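The next block holds one structure in the form of structure tokens; read it before the comments.
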Amino acid sequence: MSIEVISIIVLFVSFFTLLMLRVPVAYSIGISTTISLLLNIDKLPGLTTIAQRMTTGIDSFALLAIPFFVLAGEIMKQGGIANRLINFAKSLVASLPGGLAYVNVLASMLFGAISGSAIAATSAIGSIMTDRMEEEGYPREFSASVNITSATTGLLIPPSNILIVYALASGGTASVAALFIAGYLPGILLGVAIMGYIAFVAITRKFSKGDRAPISLIWKYFRKAFFSLLLLVIVVGGIVAGIFTATEASAIAVLYAAVLALIYGDVKPKDFSSILLTSAKTTAVVMFLICTSMAMSWLFSFEGIPELISSFLLEQFSNKIVIFLVINLVLLIIGTFMDMTPAVLIFTPIFLPVVVALGMDPVHFGIVLVLNLCIGLCTPPVGTILFVGSGVANVSVSQVIKPLIPFLVIMVVVLLLITYIPAISMYLPRLLGL
């Protein structure tokens, strides 16, 4: 057995062992990469290689967008925007059977898209909607399931930090602008599919419905939510039109969100110190994950792992439909125990060459990859959104699992549709020439 094969085995065994021992993901990645690197020390300059790869891994102008979008999302979370979006969504759909559940989905889609954070959407919308839904007779665990799954739509609908990370991991083969536009239809499709299941549950369980809102009330709440919604147009429209880059758009988003929060009066100047501190902590965690993930990704390339996996899949399976299914299954498993950022950075270089060789566009694969990992965010044992959503609703994870399963099945069905119908992701980018 060659030293390269031993190195690969040691890398994966040490990584999964550390994860099972509940070592934080970033440390698990860094430690396993270091151990594997020591086996190849005679071929490399030394352990300084890891430090160099971690440093150069975040030496990217595009990644500057992440701390800005994190800060913008935190300002929006505390700036009263969630309430305005909820009231607007309620005026549109509350009169339908199960209307408050639809409100939860729509508000999560809007807030998640504006903030670019599924966690922010889960905590901001869930903390408001769970109590409101309980008052109308909805079980708290059902409300939590709706909140958890609908919050993931914000990772597909732009602006989305994880799509920026994928653009970096793809080596420039997928532009941020194309990914942003490609995420709209899949994100909307996922939201509509979730609402479709809610309609079925609402009819069978005879959930209550509210009064139909008059046009004047809809117009009133739309005016209050207008400037929050306008941020989407400014950020995404500016990027697509070539007025500014994603990084510049993120800085504009911060300025816009700050001014809007101050005008609304929900955030005072003295509050920005705590907002900045919270954002800095979140950014530090994300950037450290990116650092260690880029080091492991480089080691994969050094060991030739992407080429080995690509050759294996193409030799073992002659049908690309089967290959896409296998890749989806692998990514679904990965998503259950690994956070999105390291998963995107580590596995994009592995699977992207395979799908491109089979004719899949890198932009299309980016949407498939992100949706795969969105499902992982809703499942144990890692399930970041699962734990946040359960905590916000004050119910245990075990209580949420049963009502959550049908929503996860729906997400998998949508994933398969997006995988095998490229037009869902690629129609808008191609229409706009991206």
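Letters for chains follow the order of the structure tokens (A, B, ...), residue numbers begin at 1 for each chain, and ligand numbers begin at 1 in the order shown.
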Practice task
Find the residues around Val25 (chain A) up to 8 Å (only C-alpha atoms counted), leave out those fewer than 4 positions away in its own chain, and share them as an MDAnalysis selection string.
Solution key: chainID A and resid 19 29 289 338:339
Can I get the residues of region 52-119 of chain A within 9 Å of region 150-161 of chain A, each with the closest pair of atoms and their distance in Å to one decimal, using only C-alpha atoms, sorted chain first then ascending number, as a tab-separated table?
```
residue	atom	partner	partner_atom	distance
A:Leu63	CA	A:Asn161	CA	8.9
A:Ala65	CA	A:Asn161	CA	7.7
A:Ile66	CA	A:Asn161	CA	5.8
A:Phe69	CA	A:Asn161	CA	7.2
A:Val70	CA	A:Asn161	CA	8.3
A:Asn104	CA	A:Ser150	CA	7.8
A:Val105	CA	A:Ser150	CA	5.3
A:Leu106	CA	A:Ser150	CA	8.1
A:Ala107	CA	A:Ser150	CA	8.9
A:Ser108	CA	A:Ala151	CA	5.2
A:Met109	CA	A:Gly154	CA	5.6
A:Leu110	CA	A:Gly154	CA	7.4
A:Phe111	CA	A:Gly154	CA	7.4
A:Gly112	CA	A:Gly154	CA	3.9
A:Ala113	CA	A:Gly154	CA	4.3
A:Ile114	CA	A:Pro159	CA	6.8
A:Ser115	CA	A:Pro159	CA	7.6
A:Gly116	CA	A:Ser160	CA	4.6
A:Ser117	CA	A:Gly154	CA	6.5
A:Ala118	CA	A:Ala151	CA	5.1
A:Ile119	CA	A:Ala151	CA	7.4
```
Please write the residues from the selection above to a file, keeping all heavy atoms, as a short mmCIF file (atom, residue, chain, number, x, y, z; two decimals), in the first residue's frame.
```cif
data_model
loop_
_atom_site.label_atom_id
_atom_site.label_comp_id
_atom_site.auth_asym_id
_atom_site.auth_seq_id
_atom_site.Cartn_x
_atom_site.Cartn_y
_atom_site.Cartn_z
N LEU A 63 -14.46 37.04 -0.62
CA LEU A 63 -14.82 36.62 0.73
C LEU A 63 -15.09 37.80 1.66
O LEU A 63 -15.67 37.62 2.74
CB LEU A 63 -13.71 35.74 1.32
CG LEU A 63 -13.62 34.32 0.78
CD1 LEU A 63 -12.49 33.56 1.46
CD2 LEU A 63 -14.93 33.57 0.96
N ALA A 65 -17.22 39.84 1.23
CA ALA A 65 -18.67 40.00 1.26
C ALA A 65 -19.30 39.31 2.46
O ALA A 65 -20.34 39.74 2.96
CB ALA A 65 -19.28 39.44 -0.03
N ILE A 66 -18.66 38.24 2.95
CA ILE A 66 -19.26 37.45 4.03
C ILE A 66 -19.40 38.26 5.32
O ILE A 66 -20.50 38.33 5.89
CB ILE A 66 -18.48 36.15 4.24
CG1 ILE A 66 -18.67 35.24 3.03
CG2 ILE A 66 -18.92 35.45 5.53
CD1 ILE A 66 -17.91 33.94 3.10
N PHE A 69 -22.20 40.86 4.83
CA PHE A 69 -23.55 40.30 4.80
C PHE A 69 -23.96 39.79 6.19
O PHE A 69 -25.13 39.86 6.58
CB PHE A 69 -23.67 39.18 3.77
CG PHE A 69 -23.92 39.66 2.37
CD1 PHE A 69 -23.16 39.20 1.31
CD2 PHE A 69 -24.94 40.56 2.10
CE1 PHE A 69 -23.39 39.64 0.01
CE2 PHE A 69 -25.18 41.01 0.81
CZ PHE A 69 -24.41 40.56 -0.24
N VAL A 70 -23.00 39.24 6.94
CA VAL A 70 -23.28 38.82 8.32
C VAL A 70 -23.71 40.02 9.16
O VAL A 70 -24.69 39.96 9.92
CB VAL A 70 -22.05 38.14 8.95
CG1 VAL A 70 -22.23 37.96 10.45
CG2 VAL A 70 -21.78 36.79 8.30
N ASN A 104 -45.58 31.98 8.05
CA ASN A 104 -44.26 31.55 8.53
C ASN A 104 -43.31 31.29 7.36
O ASN A 104 -42.16 31.74 7.36
CB ASN A 104 -44.42 30.29 9.38
CG ASN A 104 -43.23 30.00 10.25
OD1 ASN A 104 -42.09 30.29 9.89
ND2 ASN A 104 -43.47 29.42 11.41
N VAL A 105 -43.82 30.57 6.35
CA VAL A 105 -42.99 30.24 5.19
C VAL A 105 -42.61 31.50 4.40
O VAL A 105 -41.44 31.72 4.10
CB VAL A 105 -43.71 29.24 4.26
CG1 VAL A 105 -42.86 28.96 3.02
CG2 VAL A 105 -44.00 27.93 4.99
N LEU A 106 -43.60 32.32 4.08
CA LEU A 106 -43.34 33.53 3.29
C LEU A 106 -42.39 34.47 4.02
O LEU A 106 -41.46 35.03 3.42
CB LEU A 106 -44.64 34.26 2.98
CG LEU A 106 -45.49 33.71 1.83
CD1 LEU A 106 -46.79 34.50 1.71
CD2 LEU A 106 -44.72 33.76 0.52
N ALA A 107 -42.63 34.66 5.33
CA ALA A 107 -41.77 35.55 6.10
C ALA A 107 -40.34 35.01 6.17
O ALA A 107 -39.38 35.78 6.07
CB ALA A 107 -42.34 35.73 7.50
N SER A 108 -40.20 33.70 6.32
CA SER A 108 -38.86 33.10 6.35
C SER A 108 -38.15 33.26 5.01
O SER A 108 -36.95 33.54 4.95
CB SER A 108 -38.95 31.61 6.71
OG SER A 108 -39.40 31.43 8.03
N MET A 109 -38.90 33.08 3.91
CA MET A 109 -38.33 33.26 2.58
C MET A 109 -37.85 34.69 2.38
O MET A 109 -36.73 34.93 1.91
CB MET A 109 -39.35 32.90 1.51
CG MET A 109 -39.69 31.42 1.41
SD MET A 109 -41.05 31.07 0.28
CE MET A 109 -40.27 31.46 -1.30
N LEU A 110 -38.68 35.65 2.78
CA LEU A 110 -38.33 37.06 2.59
C LEU A 110 -37.19 37.47 3.50
O LEU A 110 -36.21 38.09 3.06
CB LEU A 110 -39.56 37.93 2.84
CG LEU A 110 -40.70 37.80 1.83
CD1 LEU A 110 -41.93 38.56 2.31
CD2 LEU A 110 -40.27 38.31 0.46
N PHE A 111 -37.30 37.13 4.79
CA PHE A 111 -36.26 37.54 5.73
C PHE A 111 -34.95 36.81 5.47
O PHE A 111 -33.87 37.40 5.55
CB PHE A 111 -36.71 37.29 7.17
CG PHE A 111 -35.79 37.89 8.19
CD1 PHE A 111 -35.92 39.22 8.56
CD2 PHE A 111 -34.78 37.14 8.78
CE1 PHE A 111 -35.06 39.78 9.49
CE2 PHE A 111 -33.92 37.69 9.71
CZ PHE A 111 -34.06 39.02 10.07
N GLY A 112 -35.05 35.50 5.15
CA GLY A 112 -33.85 34.74 4.86
C GLY A 112 -33.13 35.27 3.64
O GLY A 112 -31.90 35.35 3.60
N ALA A 113 -33.91 35.67 2.62
CA ALA A 113 -33.31 36.23 1.40
C ALA A 113 -32.65 37.57 1.69
O ALA A 113 -31.55 37.85 1.22
CB ALA A 113 -34.38 36.38 0.32
N ILE A 114 -33.33 38.41 2.47
CA ILE A 114 -32.80 39.75 2.75
C ILE A 114 -31.56 39.67 3.63
O ILE A 114 -30.57 40.37 3.41
CB ILE A 114 -33.88 40.63 3.41
CG1 ILE A 114 -35.00 40.93 2.40
CG2 ILE A 114 -33.29 41.94 3.92
CD1 ILE A 114 -36.19 41.62 3.01
N SER A 115 -31.60 38.80 4.64
CA SER A 115 -30.47 38.71 5.58
C SER A 115 -29.37 37.78 5.09
O SER A 115 -28.22 37.91 5.52
CB SER A 115 -30.96 38.21 6.94
OG SER A 115 -31.42 36.87 6.86
N GLY A 116 -29.71 36.84 4.18
CA GLY A 116 -28.72 35.90 3.68
C GLY A 116 -28.34 34.84 4.69
O GLY A 116 -27.34 34.14 4.52
N SER A 117 -29.12 34.71 5.75
CA SER A 117 -28.77 33.77 6.82
C SER A 117 -29.98 32.94 7.22
O SER A 117 -31.02 33.49 7.62
CB SER A 117 -28.24 34.53 8.04
OG SER A 117 -28.14 33.68 9.17
N ALA A 118 -29.85 31.62 7.15
CA ALA A 118 -30.94 30.74 7.57
C ALA A 118 -31.11 30.75 9.08
O ALA A 118 -32.23 30.66 9.59
CB ALA A 118 -30.67 29.31 7.08
N ILE A 119 -30.00 30.87 9.80
CA ILE A 119 -30.08 30.91 11.26
C ILE A 119 -30.80 32.16 11.72
O ILE A 119 -31.64 32.13 12.63
CB ILE A 119 -28.66 30.83 11.88
CG1 ILE A 119 -28.05 29.46 11.60
CG2 ILE A 119 -28.71 31.10 13.38
CD1 ILE A 119 -26.63 29.31 12.10
#
```
Handout entry: Residue nearest Lys224 (chain A) - candidates A:Phe61, A:Tyr197, A:Tyr184, A:Phe88, atoms counted: only C-alpha atoms
Key =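 Among the listed residues, A:Phe88 lies closest to Lys224 (chain A).
Near Leu416 (chain A), within 10 Å and counting only C-alpha atoms, sit Phe324, Leu325, Asn328, Val368, Asn372, Ile410, Met411, Val412, Val413, Thr419, Tyr420 and Ile421 of chain A; same-chain residues fewer than 3 positions away were not included.
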Just the selected residues (N, CA, C and O atoms), exported as a tab-separated table (two decimals), in the first residue's frame, please.
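Produced file result.tsv, reproduced below:
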```tsv
chain	number	residue	atom	x	y	z
A	324	PHE	N	-25.47	11.02	-10.78
A	324	PHE	CA	-26.05	12.17	-10.07
A	324	PHE	C	-26.75	11.72	-8.79
A	324	PHE	O	-26.68	12.39	-7.76
A	325	LEU	N	-27.43	10.57	-8.87
A	325	LEU	CA	-28.12	10.04	-7.69
A	325	LEU	C	-27.12	9.65	-6.61
A	325	LEU	O	-27.34	9.95	-5.42
A	328	ASN	N	-25.75	12.77	-5.00
A	328	ASN	CA	-26.75	13.34	-4.09
A	328	ASN	C	-26.81	12.57	-2.78
A	328	ASN	O	-26.90	13.18	-1.70
A	368	VAL	N	-27.60	22.57	-6.68
A	368	VAL	CA	-27.85	21.21	-6.20
A	368	VAL	C	-27.07	20.94	-4.92
A	368	VAL	O	-27.60	20.39	-3.95
A	372	ASN	N	-28.72	20.24	-1.17
A	372	ASN	CA	-28.34	19.02	-0.45
A	372	ASN	C	-27.95	19.33	0.99
A	372	ASN	O	-28.42	18.71	1.94
A	410	ILE	N	-40.27	16.18	1.26
A	410	ILE	CA	-40.59	17.19	0.25
A	410	ILE	C	-39.32	17.86	-0.25
A	410	ILE	O	-39.14	18.09	-1.45
A	411	MET	N	-38.40	18.17	0.68
A	411	MET	CA	-37.14	18.80	0.28
A	411	MET	C	-36.33	17.88	-0.63
A	411	MET	O	-35.70	18.34	-1.59
A	412	VAL	N	-36.35	16.57	-0.35
A	412	VAL	CA	-35.62	15.61	-1.19
A	412	VAL	C	-36.26	15.53	-2.58
A	412	VAL	O	-35.55	15.47	-3.60
A	413	VAL	N	-37.58	15.56	-2.64
A	413	VAL	CA	-38.28	15.54	-3.94
A	413	VAL	C	-37.90	16.77	-4.75
A	413	VAL	O	-37.61	16.66	-5.96
A	419	THR	N	-32.18	18.60	-9.64
A	419	THR	CA	-31.04	17.87	-10.19
A	419	THR	C	-31.27	17.45	-11.64
A	419	THR	O	-30.40	17.63	-12.50
A	420	TYR	N	-32.45	16.91	-11.91
A	420	TYR	CA	-32.71	16.32	-13.22
A	420	TYR	C	-33.45	17.24	-14.19
A	420	TYR	O	-33.66	16.87	-15.35
A	421	ILE	N	-33.84	18.42	-13.73
A	421	ILE	CA	-34.44	19.41	-14.63
A	421	ILE	C	-33.59	20.68	-14.56
A	421	ILE	O	-33.87	21.59	-13.76
```
Problem - Surrounding residues of region 257-268 of chain A excluding itself and chain neighbours under 4 positions, 12 Å, only C-alpha atoms, as number ranges by chain - result: A: 68-84, 114-115, 224-232, 234-235, 249-253, 272-276
Restricted to C-alpha atoms, what would the selected residues look like written as a short mmCIF file (atom, residue, chain, number, x, y, z; two decimals), in the first residue's frame?
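File written: result-v1.cif
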```
data_model
loop_
_atom_site.label_atom_id
_atom_site.label_comp_id
_atom_site.auth_asym_id
_atom_site.auth_seq_id
_atom_site.Cartn_x
_atom_site.Cartn_y
_atom_site.Cartn_z
CA PHE A 68 -20.53 42.50 5.52
CA PHE A 69 -23.55 40.30 4.80
CA VAL A 70 -23.28 38.82 8.32
CA LEU A 71 -23.31 42.34 9.77
CA ALA A 72 -26.22 43.39 7.54
CA GLY A 73 -28.18 40.31 8.63
CA GLU A 74 -27.56 41.03 12.31
CA ILE A 75 -28.72 44.64 11.90
CA MET A 76 -31.88 43.43 10.15
CA LYS A 77 -32.51 40.83 12.85
CA GLN A 78 -32.56 43.54 15.51
CA GLY A 79 -33.99 46.32 13.34
CA GLY A 80 -37.68 45.46 13.33
CA ILE A 81 -37.62 44.18 9.76
CA ALA A 82 -38.93 40.72 10.70
CA ASN A 83 -42.17 42.11 12.15
CA ARG A 84 -42.84 44.21 9.05
CA ILE A 114 -32.80 39.75 2.75
CA SER A 115 -30.47 38.71 5.58
CA LYS A 224 -44.19 49.45 5.70
CA ALA A 225 -42.20 46.50 4.29
CA PHE A 226 -41.30 48.20 1.00
CA PHE A 227 -37.90 49.57 1.97
CA SER A 228 -36.91 46.23 3.50
CA LEU A 229 -37.86 44.43 0.28
CA LEU A 230 -36.09 47.08 -1.77
CA LEU A 231 -32.77 45.87 -0.40
CA LEU A 232 -33.11 42.70 -2.50
CA ILE A 234 -30.63 47.02 -4.86
CA VAL A 235 -28.19 44.24 -3.98
CA ALA A 249 -23.03 45.12 -2.69
CA SER A 250 -22.52 43.65 0.79
CA ALA A 251 -21.07 46.94 2.04
CA ILE A 252 -24.03 48.80 0.53
CA ALA A 253 -26.36 46.33 2.27
CA PHE A 272 -24.32 48.98 17.22
CA SER A 273 -21.49 47.99 19.58
CA SER A 274 -23.26 44.75 20.54
CA ILE A 275 -24.31 44.17 16.91
CA LEU A 276 -20.71 44.56 15.73
#
```
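Each of A:Ala167, A:Val322, A:Ile239, A:Val93 was checked against Leu369 (chain A) using only C-alpha atoms; the smallest atom-to-atom distance is that of A:Ala167.
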Exercise for the section: Pick out the residues sitting within 6 Å of region 200-202 of chain A, and hand them over as a list in words; count only C-alpha atoms, and ignore anything fewer than 3 positions along from it in its own chain. Expected result: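 Everything that qualifies: Pro97, Gly98, Tyr197, Arg205, Lys206 and Phe207 of chain A.
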What would the file look like if the residues just selected were written as a PDB file, in the first residue's frame with all heavy atoms?
```pdb
ATOM      1  N   PRO A  97     -56.865  28.438   4.706  1.00  0.00           N
ATOM      2  CA  PRO A  97     -56.757  27.422   5.765  1.00  0.00           C
ATOM      3  C   PRO A  97     -55.289  27.167   6.097  1.00  0.00           C
ATOM      4  O   PRO A  97     -54.480  26.913   5.205  1.00  0.00           O
ATOM      5  CB  PRO A  97     -57.408  26.185   5.134  1.00  0.00           C
ATOM      6  CG  PRO A  97     -58.289  26.723   4.058  1.00  0.00           C
ATOM      7  CD  PRO A  97     -57.608  27.954   3.541  1.00  0.00           C
ATOM      8  N   GLY A  98     -54.956  27.254   7.386  1.00  0.00           N
ATOM      9  CA  GLY A  98     -53.553  27.128   7.769  1.00  0.00           C
ATOM     10  C   GLY A  98     -52.762  28.368   7.427  1.00  0.00           C
ATOM     11  O   GLY A  98     -51.546  28.296   7.229  1.00  0.00           O
ATOM     12  N   TYR A 197     -47.596  21.143   1.136  1.00  0.00           N
ATOM     13  CA  TYR A 197     -47.819  20.162   2.204  1.00  0.00           C
ATOM     14  C   TYR A 197     -48.614  20.786   3.353  1.00  0.00           C
ATOM     15  O   TYR A 197     -49.485  20.119   3.951  1.00  0.00           O
ATOM     16  CB  TYR A 197     -46.486  19.614   2.720  1.00  0.00           C
ATOM     17  CG  TYR A 197     -46.660  18.683   3.902  1.00  0.00           C
ATOM     18  CD1 TYR A 197     -47.259  17.444   3.749  1.00  0.00           C
ATOM     19  CD2 TYR A 197     -46.250  19.071   5.172  1.00  0.00           C
ATOM     20  CE1 TYR A 197     -47.445  16.587   4.836  1.00  0.00           C
ATOM     21  CE2 TYR A 197     -46.432  18.233   6.261  1.00  0.00           C
ATOM     22  CZ  TYR A 197     -47.023  16.995   6.086  1.00  0.00           C
ATOM     23  OH  TYR A 197     -47.210  16.162   7.170  1.00  0.00           O
ATOM     24  N   ARG A 205     -56.474  18.520   9.074  1.00  0.00           N
ATOM     25  CA  ARG A 205     -56.589  18.796  10.513  1.00  0.00           C
ATOM     26  C   ARG A 205     -57.553  19.939  10.813  1.00  0.00           C
ATOM     27  O   ARG A 205     -57.772  20.266  11.973  1.00  0.00           O
ATOM     28  CB  ARG A 205     -55.202  19.136  11.094  1.00  0.00           C
ATOM     29  CG  ARG A 205     -54.197  18.015  11.055  1.00  0.00           C
ATOM     30  CD  ARG A 205     -52.990  18.366  11.906  1.00  0.00           C
ATOM     31  NE  ARG A 205     -51.929  17.402  11.772  1.00  0.00           N
ATOM     32  CZ  ARG A 205     -50.764  17.468  12.442  1.00  0.00           C
ATOM     33  NH1 ARG A 205     -50.568  18.479  13.281  1.00  0.00           N
ATOM     34  NH2 ARG A 205     -49.841  16.561  12.274  1.00  0.00           N
ATOM     35  N   LYS A 206     -58.078  20.549   9.762  1.00  0.00           N
ATOM     36  CA  LYS A 206     -59.038  21.647   9.908  1.00  0.00           C
ATOM     37  C   LYS A 206     -58.480  22.798  10.750  1.00  0.00           C
ATOM     38  O   LYS A 206     -59.089  23.254  11.710  1.00  0.00           O
ATOM     39  CB  LYS A 206     -60.348  21.130  10.520  1.00  0.00           C
ATOM     40  CG  LYS A 206     -61.046  20.086   9.644  1.00  0.00           C
ATOM     41  CD  LYS A 206     -62.344  19.613  10.248  1.00  0.00           C
ATOM     42  CE  LYS A 206     -63.023  18.582   9.338  1.00  0.00           C
ATOM     43  NZ  LYS A 206     -64.296  18.083   9.906  1.00  0.00           N
ATOM     44  N   PHE A 207     -57.280  23.232  10.338  1.00  0.00           N
ATOM     45  CA  PHE A 207     -56.688  24.393  11.003  1.00  0.00           C
ATOM     46  C   PHE A 207     -57.530  25.635  10.727  1.00  0.00           C
ATOM     47  O   PHE A 207     -58.176  25.748   9.677  1.00  0.00           O
ATOM     48  CB  PHE A 207     -55.254  24.629  10.516  1.00  0.00           C
ATOM     49  CG  PHE A 207     -54.252  23.660  11.085  1.00  0.00           C
ATOM     50  CD1 PHE A 207     -53.124  23.306  10.370  1.00  0.00           C
ATOM     51  CD2 PHE A 207     -54.427  23.114  12.345  1.00  0.00           C
ATOM     52  CE1 PHE A 207     -52.183  22.440  10.888  1.00  0.00           C
ATOM     53  CE2 PHE A 207     -53.493  22.237  12.882  1.00  0.00           C
ATOM     54  CZ  PHE A 207     -52.379  21.891  12.149  1.00  0.00           C
TER      55      PHE A 207
END
```
Problem - Selected residue, from A:Glu141, A:Glu136, A:Asp361, A:Glu315, that lies nearest to Gly391 (chain A) when counting only C-alpha atoms - result: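 When distances to Gly391 (chain A) are compared using only C-alpha atoms, the smallest one comes from A:Glu141.
You can rank A:Leu314, A:Leu92, A:Val254, A:Ile385 by their closest distance to Arg212 (chain A) using only C-alpha atoms, and at the top of that list sits A:Leu92.
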Practice task
List every residue of region 147-317 of chain A that DSSP, applied to the backbone of this structure, places in alpha helix (DSSP H), and write the result as a PyMOL selection string.
Solution key: chain A and resi 147-151+161-169+176-182+184-205+215-240+246-264+272-303+305-316
Fill in the blank from the handout: Pairwise distance, CA of Gly376 (chain A) with CA of Ser310 (chain A), equals 23.6 Å
Problem - Å distance separating CA of Ser145 (chain A) from CA of Asp131 (chain A), one decimal place - result: 13.9 Å
Handout entry: Given only C-alpha atoms as the counted atoms, nearest of A:Val233, A:Leu39, A:Val23, A:Ala144 to Phe337 (chain A)
Key =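 For Phe337 (chain A), the nearest of the candidates is A:Val23.
Near Tyr138 (chain A), within a cut-off of 9 Å and counting only C-alpha atoms, sit the residues Gly98, Leu100, Ala101, Thr130, Arg132, Phe207 and Ser208 of chain A, with same-chain residues fewer than 6 positions away left out.
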Practice task
Between A:Val146, A:Val176, A:Leu189, A:Leu377, single out the one closest to Met133 (chain A), counting only C-alpha atoms.
Solution key: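 Looking only at the distances to Met133 (chain A), the closest residue turns out to be A:Val146.
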Handout entry: Spatial neighbours of Phe351 (chain A), 10 Å, only C-alpha atoms, chain gap at least 3 places, as a list in words
Key = Pro306, Glu307, Ile309, Ser310, Leu313, Phe324, Ile327, Leu331, Ile346, Phe347, Thr348, Val354, Val355, Val356, Phe365 and Leu369 of chain A
